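Participant: Structure supplied as entry06.txt; contents: compact mmCIF, C-alpha atoms.
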# COMPACT_ATOMS: atom_id res chain seq x y z
CA MET A 688 -45.95 -7.55 -111.45
CA VAL A 689 -42.58 -5.86 -111.59
CA GLY A 690 -40.81 -6.38 -114.87
CA ALA A 691 -40.96 -8.91 -117.71
CA THR A 692 -44.15 -7.15 -118.73
CA MET A 693 -42.90 -5.02 -121.58
CA SER A 694 -43.73 -6.07 -125.10
CA HIS A 695 -41.15 -8.40 -126.62
CA ASN A 696 -40.70 -6.48 -129.82
CA PRO A 697 -37.55 -6.91 -131.85
CA GLY A 698 -36.68 -3.26 -131.29
CA ILE A 699 -36.10 -3.76 -127.60
CA LEU A 700 -33.99 -6.86 -128.27
CA LEU A 701 -31.85 -4.87 -130.68
CA THR A 702 -31.47 -2.11 -128.10
CA LEU A 703 -30.34 -4.69 -125.54
CA ALA A 704 -27.96 -6.38 -127.99
CA GLY A 705 -26.37 -3.17 -129.24
CA ASN A 706 -25.92 -1.56 -125.84
CA PHE A 707 -24.54 -4.59 -124.04
CA ALA A 708 -22.23 -5.56 -126.90
CA LEU A 709 -20.81 -2.03 -126.97
CA MET A 710 -20.45 -1.70 -123.21
CA SER A 711 -18.70 -5.09 -122.94
CA LEU A 712 -15.84 -3.70 -125.01
CA PHE A 713 -15.37 -0.91 -122.43
CA ALA A 714 -15.65 -3.19 -119.40
CA MET A 715 -11.98 -2.99 -118.44
CA GLY A 716 -11.29 -5.28 -115.49
CA GLY A 717 -14.44 -7.38 -115.68
CA ALA A 718 -18.21 -7.21 -115.82
CA ASN A 719 -18.29 -5.15 -112.60
CA ALA A 720 -16.64 -2.30 -114.45
CA ALA A 721 -19.77 -1.86 -116.57
CA PHE A 722 -22.24 -1.47 -113.68
CA PRO A 723 -22.38 2.34 -113.90
CA GLU A 724 -23.12 2.10 -117.61
CA MET A 725 -25.77 -0.58 -117.00
CA TYR A 726 -27.38 1.66 -114.41
CA ARG A 727 -27.27 4.65 -116.72
CA LEU A 728 -28.85 2.63 -119.52
CA ALA A 729 -31.53 0.82 -117.51
CA VAL A 730 -32.56 3.57 -115.08
CA ASP A 731 -31.49 6.98 -116.42
CA VAL A 732 -31.78 6.61 -120.18
CA MET A 733 -34.30 3.87 -120.97
CA HIS A 734 -36.34 4.00 -117.73
CA TRP A 735 -36.66 0.23 -117.76
CA MET A 736 -36.58 0.10 -113.97
CA THR A 737 -36.39 2.16 -110.79
CA ASP A 738 -33.40 2.59 -108.50
CA ARG A 739 -34.96 0.09 -106.13
CA GLN A 740 -35.46 -2.53 -108.84
CA PHE A 741 -31.88 -2.10 -110.02
CA ALA A 742 -30.68 -2.66 -106.44
CA ASP A 743 -32.95 -5.72 -106.19
CA LEU A 744 -31.58 -7.24 -109.40
CA TYR A 745 -28.03 -6.60 -108.19
CA ALA A 746 -28.89 -8.35 -104.92
CA ILE A 747 -30.38 -11.34 -106.77
CA ALA A 748 -27.31 -11.60 -109.00
CA GLN A 749 -25.07 -11.52 -105.92
CA VAL A 750 -26.90 -14.34 -104.15
CA THR A 751 -26.88 -16.46 -107.32
CA PRO A 752 -23.72 -18.50 -107.80
CA GLY A 753 -21.76 -17.83 -110.96
CA PRO A 754 -19.89 -14.98 -112.60
CA ASN A 755 -20.89 -11.36 -111.91
CA VAL A 756 -21.95 -10.97 -115.50
CA ILE A 757 -25.29 -12.69 -114.78
CA VAL A 758 -26.73 -9.39 -113.56
CA VAL A 759 -26.94 -8.66 -117.31
CA THR A 760 -29.13 -11.76 -117.72
CA LEU A 761 -31.49 -10.39 -115.07
CA ILE A 762 -31.68 -6.96 -116.66
CA GLY A 763 -32.45 -8.60 -120.01
CA TYR A 764 -35.09 -10.80 -118.42
CA HIS A 765 -36.68 -7.84 -116.69
CA VAL A 766 -36.88 -5.92 -119.93
CA ALA A 767 -37.92 -8.59 -122.44
CA GLY A 768 -38.39 -11.96 -120.76
CA LEU A 769 -36.42 -15.05 -121.69
CA ALA A 770 -35.49 -13.71 -125.13
CA GLY A 771 -34.18 -10.55 -123.47
CA ALA A 772 -32.15 -12.58 -120.96
CA LEU A 773 -30.56 -14.60 -123.75
CA VAL A 774 -29.88 -11.63 -126.02
CA ALA A 775 -28.39 -9.47 -123.25
CA THR A 776 -26.13 -12.29 -121.99
CA LEU A 777 -24.89 -13.22 -125.46
CA ALA A 778 -24.30 -9.58 -126.37
CA MET A 779 -22.31 -8.97 -123.17
CA CYS A 780 -20.16 -12.11 -123.61
CA GLY A 781 -20.05 -12.66 -127.38
CA PRO A 782 -17.77 -9.95 -128.76
CA THR A 783 -15.20 -10.24 -126.00
CA CYS A 784 -15.25 -14.07 -126.23
CA VAL A 785 -14.40 -13.90 -129.92
CA PHE A 786 -11.67 -11.43 -129.04
CA ALA A 787 -10.36 -13.71 -126.25
CA PHE A 788 -10.39 -16.70 -128.61
CA PHE A 789 -8.14 -15.05 -131.14
CA VAL A 790 -5.92 -13.07 -128.78
CA GLY A 791 -5.40 -16.27 -126.77
CA GLN A 792 -3.75 -17.84 -129.82
CA VAL A 793 -1.10 -15.18 -130.23
CA TRP A 794 -0.70 -14.02 -126.61
CA ASP A 795 2.42 -16.06 -125.84
CA ARG A 796 4.25 -14.34 -128.65
CA PHE A 797 3.78 -10.95 -126.94
CA LYS A 798 4.64 -12.06 -123.42
CA GLU A 799 7.61 -9.72 -123.23
CA ALA A 800 6.48 -7.16 -125.79
CA ARG A 801 6.93 -3.58 -124.63
CA TRP A 802 3.56 -2.38 -125.97
CA ARG A 803 1.83 -5.11 -124.00
CA LEU A 804 3.47 -4.03 -120.75
CA ILE A 805 2.59 -0.41 -121.49
CA ILE A 806 -1.07 -1.19 -122.18
CA GLN A 807 -1.23 -3.44 -119.14
CA ALA A 808 0.17 -0.69 -116.94
CA ALA A 809 -2.24 1.83 -118.47
CA LEU A 810 -5.24 -0.43 -117.82
CA VAL A 811 -4.66 -0.88 -114.08
CA PRO A 812 -5.72 2.63 -112.98
CA ILE A 813 -8.60 2.67 -115.49
CA SER A 814 -10.03 -0.61 -114.22
CA LEU A 815 -9.60 0.49 -110.59
CA GLY A 816 -11.38 3.75 -111.37
CA LEU A 817 -14.25 1.85 -112.98
CA LEU A 818 -14.42 -0.50 -110.01
CA GLY A 819 -14.60 2.49 -107.66
CA ALA A 820 -17.33 4.06 -109.80
CA SER A 821 -19.31 0.80 -109.76
CA THR A 822 -19.02 0.69 -105.99
CA LEU A 823 -20.31 4.25 -105.71
CA VAL A 824 -23.30 3.53 -107.95
CA ILE A 825 -24.21 0.32 -106.12
CA ALA A 826 -23.76 1.93 -102.70
CA ARG A 827 -25.97 4.85 -103.67
CA VAL A 828 -28.87 2.74 -104.93
CA ALA A 829 -28.66 0.21 -102.09
CA GLY A 830 -28.16 2.69 -99.25
CA GLN A 831 -31.14 5.03 -99.19
CA SER A 832 -31.77 5.10 -95.44
CA TRP A 833 -29.43 5.42 -92.47
CA GLN A 834 -30.19 1.80 -91.53
CA THR A 835 -29.16 0.44 -94.93
CA VAL A 836 -26.04 2.60 -94.93
CA ALA A 837 -25.16 1.27 -91.47
CA LEU A 838 -25.67 -2.34 -92.60
CA MET A 839 -23.59 -1.67 -95.71
CA LEU A 840 -20.67 -0.18 -93.79
CA LEU A 841 -20.83 -2.92 -91.18
CA THR A 842 -20.76 -5.60 -93.91
CA ALA A 843 -17.87 -3.81 -95.62
CA ALA A 844 -15.88 -3.63 -92.36
CA VAL A 845 -16.54 -7.25 -91.39
CA THR A 846 -15.78 -8.73 -94.81
CA TYR A 847 -12.69 -6.56 -95.13
CA ARG A 848 -11.25 -8.07 -91.96
CA LEU A 849 -12.58 -11.63 -92.07
CA ARG A 850 -12.85 -14.19 -94.81
CA LEU A 851 -16.48 -15.30 -94.47
CA ASN A 852 -18.77 -17.13 -96.80
CA PRO A 853 -20.90 -14.29 -98.21
CA LEU A 854 -23.98 -16.51 -98.02
CA TRP A 855 -24.03 -16.15 -94.23
CA ILE A 856 -23.90 -12.40 -94.52
CA PHE A 857 -26.70 -12.36 -97.09
CA ALA A 858 -28.80 -14.64 -94.86
CA ILE A 859 -28.33 -12.37 -91.84
CA ALA A 860 -29.11 -9.30 -93.96
CA ALA A 861 -32.28 -10.93 -95.30
CA VAL A 862 -33.44 -11.71 -91.76
CA LEU A 863 -32.67 -8.14 -90.64
CA GLY A 864 -34.64 -6.84 -93.62
CA LEU A 865 -37.56 -9.15 -92.96
CA ALA A 866 -37.64 -8.06 -89.33
CA GLY A 867 -37.85 -4.46 -90.51
CA ALA A 868 -34.55 -3.52 -88.91
CA VAL A 869 -33.16 -1.95 -92.10
CA MET B 1088 11.04 -28.41 -118.39
CA PRO B 1089 9.35 -28.75 -114.98
CA ALA B 1090 9.58 -32.19 -113.42
CA ASP B 1091 5.84 -32.56 -113.07
CA ALA B 1092 5.11 -31.83 -116.73
CA PRO B 1093 4.81 -35.43 -117.99
CA VAL B 1094 2.23 -36.41 -115.37
CA ARG B 1095 0.18 -33.21 -115.63
CA PRO B 1096 -3.24 -34.39 -116.80
CA THR B 1097 -5.16 -32.91 -119.70
CA PRO B 1098 -8.91 -32.80 -119.22
CA THR B 1099 -11.26 -34.49 -121.63
CA LEU B 1100 -14.03 -32.36 -123.13
CA PRO B 1101 -16.74 -33.67 -120.75
CA GLN B 1102 -14.38 -32.99 -117.81
CA LEU B 1103 -13.88 -29.47 -119.14
CA LEU B 1104 -17.64 -28.84 -119.30
CA ALA B 1105 -18.17 -30.30 -115.82
CA ALA B 1106 -15.27 -28.33 -114.32
CA PHE B 1107 -16.58 -24.96 -115.50
CA ALA B 1108 -20.11 -25.87 -114.43
CA MET B 1109 -18.73 -26.62 -110.95
CA ILE B 1110 -16.76 -23.38 -110.89
CA ALA B 1111 -19.98 -21.53 -111.74
CA ILE B 1112 -22.10 -23.33 -109.16
CA PHE B 1113 -19.63 -23.01 -106.27
CA GLY B 1114 -18.49 -19.58 -107.29
CA PHE B 1115 -20.07 -17.43 -104.63
CA GLY B 1116 -18.36 -14.11 -104.06
CA GLY B 1117 -15.46 -14.65 -106.38
CA VAL B 1118 -15.42 -17.16 -109.20
CA LEU B 1119 -11.70 -16.46 -109.51
CA TYR B 1120 -10.94 -18.19 -106.21
CA TRP B 1121 -12.79 -21.32 -107.28
CA SER B 1122 -11.32 -21.44 -110.74
CA ARG B 1123 -7.79 -21.23 -109.36
CA ARG B 1124 -8.53 -23.93 -106.81
CA MET B 1125 -10.03 -26.20 -109.47
CA MET B 1126 -7.46 -25.62 -112.22
CA VAL B 1127 -4.27 -25.44 -110.16
CA ASP B 1128 -4.79 -27.09 -106.76
CA GLU B 1129 -7.26 -29.89 -107.38
CA ARG B 1130 -7.07 -31.02 -110.99
CA ARG B 1131 -3.54 -29.76 -111.71
CA TRP B 1132 -4.51 -28.87 -115.25
CA MET B 1133 -2.42 -25.71 -115.02
CA THR B 1134 0.62 -24.66 -113.03
CA ALA B 1135 0.35 -21.57 -110.85
CA GLU B 1136 2.45 -19.68 -113.42
CA GLU B 1137 0.22 -20.74 -116.32
CA PHE B 1138 -2.83 -19.68 -114.36
CA ASN B 1139 -1.33 -16.27 -113.60
CA GLU B 1140 -0.40 -15.82 -117.24
CA ALA B 1141 -3.93 -16.72 -118.41
CA TYR B 1142 -5.37 -14.42 -115.75
CA ALA B 1143 -3.18 -11.54 -116.88
CA LEU B 1144 -4.48 -12.05 -120.39
CA CYS B 1145 -8.10 -12.06 -119.20
CA ASN B 1146 -7.55 -8.83 -117.29
CA PHE B 1147 -5.97 -7.34 -120.37
CA LEU B 1148 -9.05 -8.16 -122.46
CA PRO B 1149 -12.26 -6.20 -121.96
CA GLY B 1150 -15.42 -7.95 -120.78
CA PRO B 1151 -16.21 -10.48 -118.08
CA ASN B 1152 -12.83 -11.85 -116.87
CA ILE B 1153 -13.83 -15.35 -115.98
CA VAL B 1154 -15.82 -15.74 -119.19
CA ASN B 1155 -12.70 -14.79 -121.12
CA PHE B 1156 -10.74 -17.27 -119.02
CA ALA B 1157 -13.15 -20.07 -119.97
CA VAL B 1158 -12.64 -19.24 -123.64
CA VAL B 1159 -8.85 -19.06 -123.39
CA PHE B 1160 -8.49 -22.27 -121.40
CA GLY B 1161 -11.20 -24.14 -123.33
CA ARG B 1162 -9.52 -23.26 -126.60
CA GLN B 1163 -6.16 -24.57 -125.38
CA ILE B 1164 -7.75 -27.90 -124.46
CA GLY B 1165 -10.13 -28.47 -127.32
CA GLY B 1166 -10.15 -25.67 -129.88
CA THR B 1167 -13.49 -24.14 -130.78
CA VAL B 1168 -15.45 -27.01 -129.26
CA GLY B 1169 -13.47 -26.74 -126.05
CA ALA B 1170 -14.03 -22.99 -125.79
CA PHE B 1171 -17.73 -23.48 -126.43
CA LEU B 1172 -18.09 -26.26 -123.83
CA ALA B 1173 -16.21 -24.29 -121.18
CA LEU B 1174 -18.50 -21.31 -121.81
CA LEU B 1175 -21.59 -23.51 -121.71
CA GLY B 1176 -20.47 -24.99 -118.40
CA LEU B 1177 -19.69 -21.60 -116.90
CA LEU B 1178 -22.78 -19.72 -118.08
CA GLY B 1179 -25.42 -22.43 -118.49
CA PRO B 1180 -26.24 -23.26 -114.85
CA PRO B 1181 -26.15 -19.64 -113.58
CA PHE B 1182 -28.24 -18.55 -116.56
CA ALA B 1183 -30.94 -21.12 -115.76
CA LEU B 1184 -30.86 -20.30 -112.07
CA VAL B 1185 -30.89 -16.53 -112.39
CA THR B 1186 -33.65 -16.59 -115.00
CA PHE B 1187 -35.73 -18.66 -112.59
CA PHE B 1188 -35.05 -16.08 -109.86
CA GLY B 1189 -35.97 -13.34 -112.32
CA LEU B 1190 -39.27 -15.10 -112.96
CA LEU B 1191 -39.98 -15.34 -109.23
CA TYR B 1192 -39.05 -11.69 -108.81
CA ALA B 1193 -41.35 -10.65 -111.65
CA HIS B 1194 -44.26 -12.47 -110.00
CA TYR B 1195 -43.60 -12.04 -106.29
CA GLY B 1196 -41.23 -9.08 -106.12
CA ASP B 1197 -44.06 -6.84 -104.95
CA ILE B 1198 -44.69 -8.79 -101.75
CA ALA B 1199 -43.80 -6.49 -98.88
CA ALA B 1200 -41.90 -9.11 -96.84
CA LEU B 1201 -39.75 -10.00 -99.86
CA GLN B 1202 -39.07 -6.35 -100.59
CA ARG B 1203 -37.81 -5.82 -97.06
CA MET B 1204 -35.49 -8.83 -97.47
CA PHE B 1205 -34.19 -7.39 -100.73
CA VAL B 1206 -33.43 -4.06 -99.06
CA GLY B 1207 -31.28 -5.91 -96.52
CA VAL B 1208 -29.54 -8.18 -99.02
CA ALA B 1209 -28.86 -5.33 -101.43
CA ALA B 1210 -27.22 -3.31 -98.64
CA ALA B 1211 -25.07 -6.30 -97.65
CA ALA B 1212 -24.16 -6.95 -101.30
CA ALA B 1213 -23.09 -3.33 -101.65
CA GLY B 1214 -21.04 -3.64 -98.45
CA LEU B 1215 -19.28 -6.70 -99.87
CA THR B 1216 -18.58 -4.75 -103.06
CA ILE B 1217 -17.04 -1.93 -101.01
CA SER B 1218 -14.65 -4.28 -99.21
CA THR B 1219 -13.67 -6.09 -102.42
CA SER B 1220 -12.97 -2.75 -104.13
CA LEU B 1221 -10.89 -1.51 -101.19
CA LYS B 1222 -8.81 -4.68 -101.33
CA MET B 1223 -8.24 -4.24 -105.05
CA TRP B 1224 -7.32 -0.57 -104.59
CA GLN B 1225 -4.73 -1.35 -101.89
CA PRO B 1226 -1.69 -1.93 -104.12
CA LEU B 1227 -2.33 1.43 -105.81
CA LEU B 1228 -2.91 3.22 -102.52
CA ARG B 1229 0.41 1.88 -101.17
CA GLU B 1230 2.31 3.41 -104.08
CA ARG B 1231 3.63 6.95 -103.98
CA PRO B 1232 0.89 9.22 -105.39
CA GLY B 1233 1.44 9.79 -109.09
CA ILE B 1234 -0.07 9.61 -112.55
CA PRO B 1235 -1.91 6.27 -112.06
CA HIS B 1236 -3.69 7.75 -109.04
CA LEU B 1237 -4.86 10.72 -111.10
CA ILE B 1238 -6.10 8.46 -113.91
CA ALA B 1239 -7.94 6.19 -111.46
CA LEU B 1240 -9.54 9.14 -109.66
CA ALA B 1241 -10.52 10.82 -112.94
CA THR B 1242 -12.17 7.59 -114.12
CA LEU B 1243 -13.94 7.20 -110.79
CA ALA B 1244 -15.15 10.79 -110.79
CA GLY B 1245 -16.26 10.83 -114.45
CA VAL B 1246 -18.15 7.55 -114.39
CA GLY B 1247 -19.18 7.30 -110.74
CA VAL B 1248 -19.78 10.89 -109.63
CA MET B 1249 -20.59 12.81 -112.82
CA ARG B 1250 -22.21 9.67 -114.23
CA TRP B 1251 -21.00 10.43 -117.73
CA PRO B 1252 -21.21 7.63 -120.32
CA ILE B 1253 -18.32 5.19 -119.97
CA TYR B 1254 -17.59 5.65 -123.69
CA TRP B 1255 -16.72 9.33 -123.35
CA VAL B 1256 -14.71 8.90 -120.19
CA LEU B 1257 -12.64 5.96 -121.45
CA GLY B 1258 -12.46 7.50 -124.91
CA VAL B 1259 -10.44 10.31 -123.34
CA LEU B 1260 -8.68 8.60 -120.45
CA MET B 1261 -7.59 5.34 -122.15
CA PRO B 1262 -5.40 7.04 -124.79
CA LEU B 1263 -4.15 9.44 -122.13
CA SER B 1264 -3.28 6.61 -119.76
CA ILE B 1265 -1.50 4.66 -122.51
CA ALA B 1266 0.42 7.76 -123.60
CA LEU B 1267 1.50 8.49 -120.02
CA ALA B 1268 2.47 4.84 -119.40
CA TRP B 1269 4.55 4.96 -122.56
CA TRP B 1270 6.13 8.26 -121.57
CA VAL B 1271 7.10 6.93 -118.12
CA ARG B 1272 8.74 3.84 -119.68
CA ARG B 1273 10.32 5.48 -122.69
As a first step, turn the structure in this file into structure tokens.
Facilitator:
Amino acid sequence: MVGATMSHNPGILLTLAGNFALMSLFAMGGANAAFPEMYRLAVDVMHWMTDRQFADLYAIAQVTPGPNVIVVTLIGYHVAGLAGALVATLAMCGPTCVFAFFVGQVWDRFKEARWRLIIQAALVPISLGLLGASTLVIARVAGQSWQTVALMLLTAAVTYRLRLNPLWIFAIAAVLGLAGAV
Amino acid sequence: MPADAPVRPTPTLPQLLAAFAMIAIFGFGGVLYWSRRMMVDERRWMTAEEFNEAYALCNFLPGPNIVNFAVVFGRQIGGTVGAFLALLGLLGPPFALVTFFGLLYAHYGDIAALQRMFVGVAAAAAGLTISTSLKMWQPLLRERPGIPHLIALATLAGVGVMRWPIYWVLGVLMPLSIALAWWVRR
């Protein structure tokens, strides 16, 4: 058994809820932006999982259709079963959804507002920095041998040039892994 | 008023739920692409400009972009119920699917053959992330080096290299970035 074995006490659900709700508010540019913080929480601080398990969960989330945010569901499930999955997902989406609901009502009014343009301009480099940080974290946990690094760089180069359905790439990578080539 | 405005259809609530469920289910490697195709190209529920405007808002807000988009669009169509249904459609199917995968992983994740597959898929997933990030960085890299580059690099280094908590890093860099953006445009 790997995961979903920890006791489902309310304390762990509160930890999940509090941490994911807080980090969602700092996820500038999307759920991806919070990966480094998720890693820090799950691996470094709480020791809920190993590097390898974090990379596995990321891989599962990537091969599952749907928004990137579902990696949070998997982390929650790993930590506290179905209740954990539900709590983590709601915590990650809830606060910002409420925010989006109300801001959506008044947004048109501020279309040309100077403060909006300033904040928007200020957010671009922050969200790109977070995206770069997420990429570093994911690359480090997924690439721990020269073979995996080679596969990673090859995938990056191919998908940068060509528009391919990622499912094909994942299928080829799974076969390579199964064959022991990476 | 645009000429196509009178014939632009408004989705019913069940259509809204079904549309976001489809976006979620087909949304491999970029839900954004599928949502634009569904909303603008196929159903014509939004014009390209309206979509861009809603997308700008969702980038402006913290949290999962496409989840925010479901709330914003769902609210426009059907208020609270609409927002809720759009969310349910977007998150429901992936939640069920990924929880099922989580269950399988918890029970069979230790099998050596599966672990080797995961090693491969994780490396490919990371590779895909690298290329997506590079594409998103391109507009910034094409600009003349300046303050935004420093802010982006500082964020990257603080969170990605030093692995400091995101709260500290953004707590310092967000106000700084806003102040500098204001100063440039003053």
Participant: Contacts of Val1159 in chain B at 6 Å or less, counting all atoms listed in the file, minus same-chain residues fewer than 3 places along, as an MDAnalysis selection string?
Facilitator: (chainID A and resid 788 791) or (chainID B and resid 1156 1162)
Participant: Pick out the closest residue to Leu777 in chain A from this set: B:Ile1253, B:Val1154, B:Val1248, B:Ile1238. Count all atoms listed in the file.
Facilitator: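 Among the listed residues, B:Val1154 lies closest to Leu777 in chain A.
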Participant: At a cut-off of 9 Å, using all atoms listed in the file, what residues contact Leu744 in chain A? Leave out same-chain residues fewer than 3 positions from it and give the result as a PyMOL selection string.
Facilitator: (chain A and resi 739-741+747-749+758+761-762+765) or (chain B and resi 1189+1192+1209)
Participant: Can you work out the spacing between CA of Gly1161 in chain B and CA of Glu724 in chain A in Å, to one decimal?
Facilitator: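 Atom-to-atom, CA of Gly1161 in chain B and CA of Glu724 in chain A are spaced 29.4 Å apart.
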Participant: So that I can see what lies close to range 769-775 of chain A, please list as a VMD selection string the residues with an atom at most 8 Å from it, counting all atoms listed in the file and leaving out residues fewer than 2 positions away in the same chain.
Facilitator: (chain A and resid 695 700 703 to 704 707 759 to 767 777 to 779) or (chain B and resid 1186)
Participant: Enter the distance from CA of Val1256 in chain B to CA of Thr1242 in chain B, in Å, rounded to one decimal.
Facilitator: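 It comes out at 6.7 Å.
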Participant: Figure out the distance between CA of Asp795 in chain A and CA of Ile1234 in chain B, please, to one decimal in Å.
Facilitator: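 Between CA of Ile1234 in chain B and CA of Asp795 in chain A the gap works out to 29.0 Å.
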Participant: Can you pull out every residue within 12 Å of Asn1139 in chain B, counting all atoms listed in the file, but drop anything in the same chain fewer than 2 positions away, and send it as a VMD selection string?
Facilitator: chain B and resid 1119 1122 to 1123 1126 to 1127 1133 to 1137 1141 to 1146 1156
Participant: Residues as selected, C-alpha atoms, written as a CSV table (one decimal), keeping the file's coordinate frame, can you do that?
Facilitator:
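And here is the file that came out, result38.csv:
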chain,number,residue,atom,x,y,z
B,1119,LEU,CA,-11.7,-16.5,-109.5
B,1122,SER,CA,-11.3,-21.4,-110.7
B,1123,ARG,CA,-7.8,-21.2,-109.4
B,1126,MET,CA,-7.5,-25.6,-112.2
B,1127,VAL,CA,-4.3,-25.4,-110.2
B,1133,MET,CA,-2.4,-25.7,-115.0
B,1134,THR,CA,0.6,-24.7,-113.0
B,1135,ALA,CA,0.4,-21.6,-110.8
B,1136,GLU,CA,2.4,-19.7,-113.4
B,1137,GLU,CA,0.2,-20.7,-116.3
B,1141,ALA,CA,-3.9,-16.7,-118.4
B,1142,TYR,CA,-5.4,-14.4,-115.8
B,1143,ALA,CA,-3.2,-11.5,-116.9
B,1144,LEU,CA,-4.5,-12.0,-120.4
B,1145,CYS,CA,-8.1,-12.1,-119.2
B,1146,ASN,CA,-7.6,-8.8,-117.3
B,1156,PHE,CA,-10.7,-17.3,-119.0
Participant: Between B:Arg1124, B:Arg1131, B:Lys1222, B:Arg1231, which is the closest to chain A once you count all atoms listed in the file?
Facilitator: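 Among B:Arg1124, B:Arg1131, B:Lys1222, B:Arg1231, it is B:Lys1222 that comes nearest to chain A.
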Participant: Rank nothing, just name the residue among B:Met1109, B:Leu1178, B:Leu1215, B:Leu1191 nearest to Leu851 in chain A, using all atoms listed in the file.
Facilitator: B:Leu1215
Participant: May I ask which of the residues A:Leu854, A:Cys780, A:Tyr745, A:Met733 is the closest one to Met710 in chain A, counting all atoms listed in the file?
Facilitator: A:Cys780
Participant: Please provide as a tab-separated table (two decimals) with C-alpha atoms, in the frame of the given file all residues within 8 Å of His1236 in chain B, with the sequence filter that same-chain residues fewer than 5 positions apart are discarded (counting only C-alpha atoms).
Facilitator:
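In the end it all went to part-v2.tsv:
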chain	number	residue	atom	x	y	z
A	812	PRO	CA	-5.72	2.63	-112.98
B	1227	LEU	CA	-2.33	1.43	-105.81
B	1228	LEU	CA	-2.91	3.22	-102.52
Participant: In terms of the shortest atom-to-atom distance over all atoms listed in the file, which of B:Ala1268, B:Ala1199, B:Leu1104, B:Ala1157 is closest to chain A?
Facilitator: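 Answer, going by the shortest atom-to-atom distance: B:Ala1268.
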Participant: Which of these, B:Ala1210, B:Leu1221, B:Val1259, B:Leu1100, has the shortest distance to chain A once you count only C-alpha atoms?
Facilitator: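 Counting only C-alpha atoms, the residue closest to chain A is B:Ala1210.
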Participant: For range 1117-1123 of chain B, take all atoms listed in the file, fit an axis-aligned box around them, add 4 Å to each of the six sides, then output centre and edge lengths in Å rounded to one decimal, as JSON.
Facilitator:
{"center_x": -11.6, "center_y": -18.0, "center_z": -108.5, "size_x": 15.7, "size_y": 14.8, "size_z": 12.5}
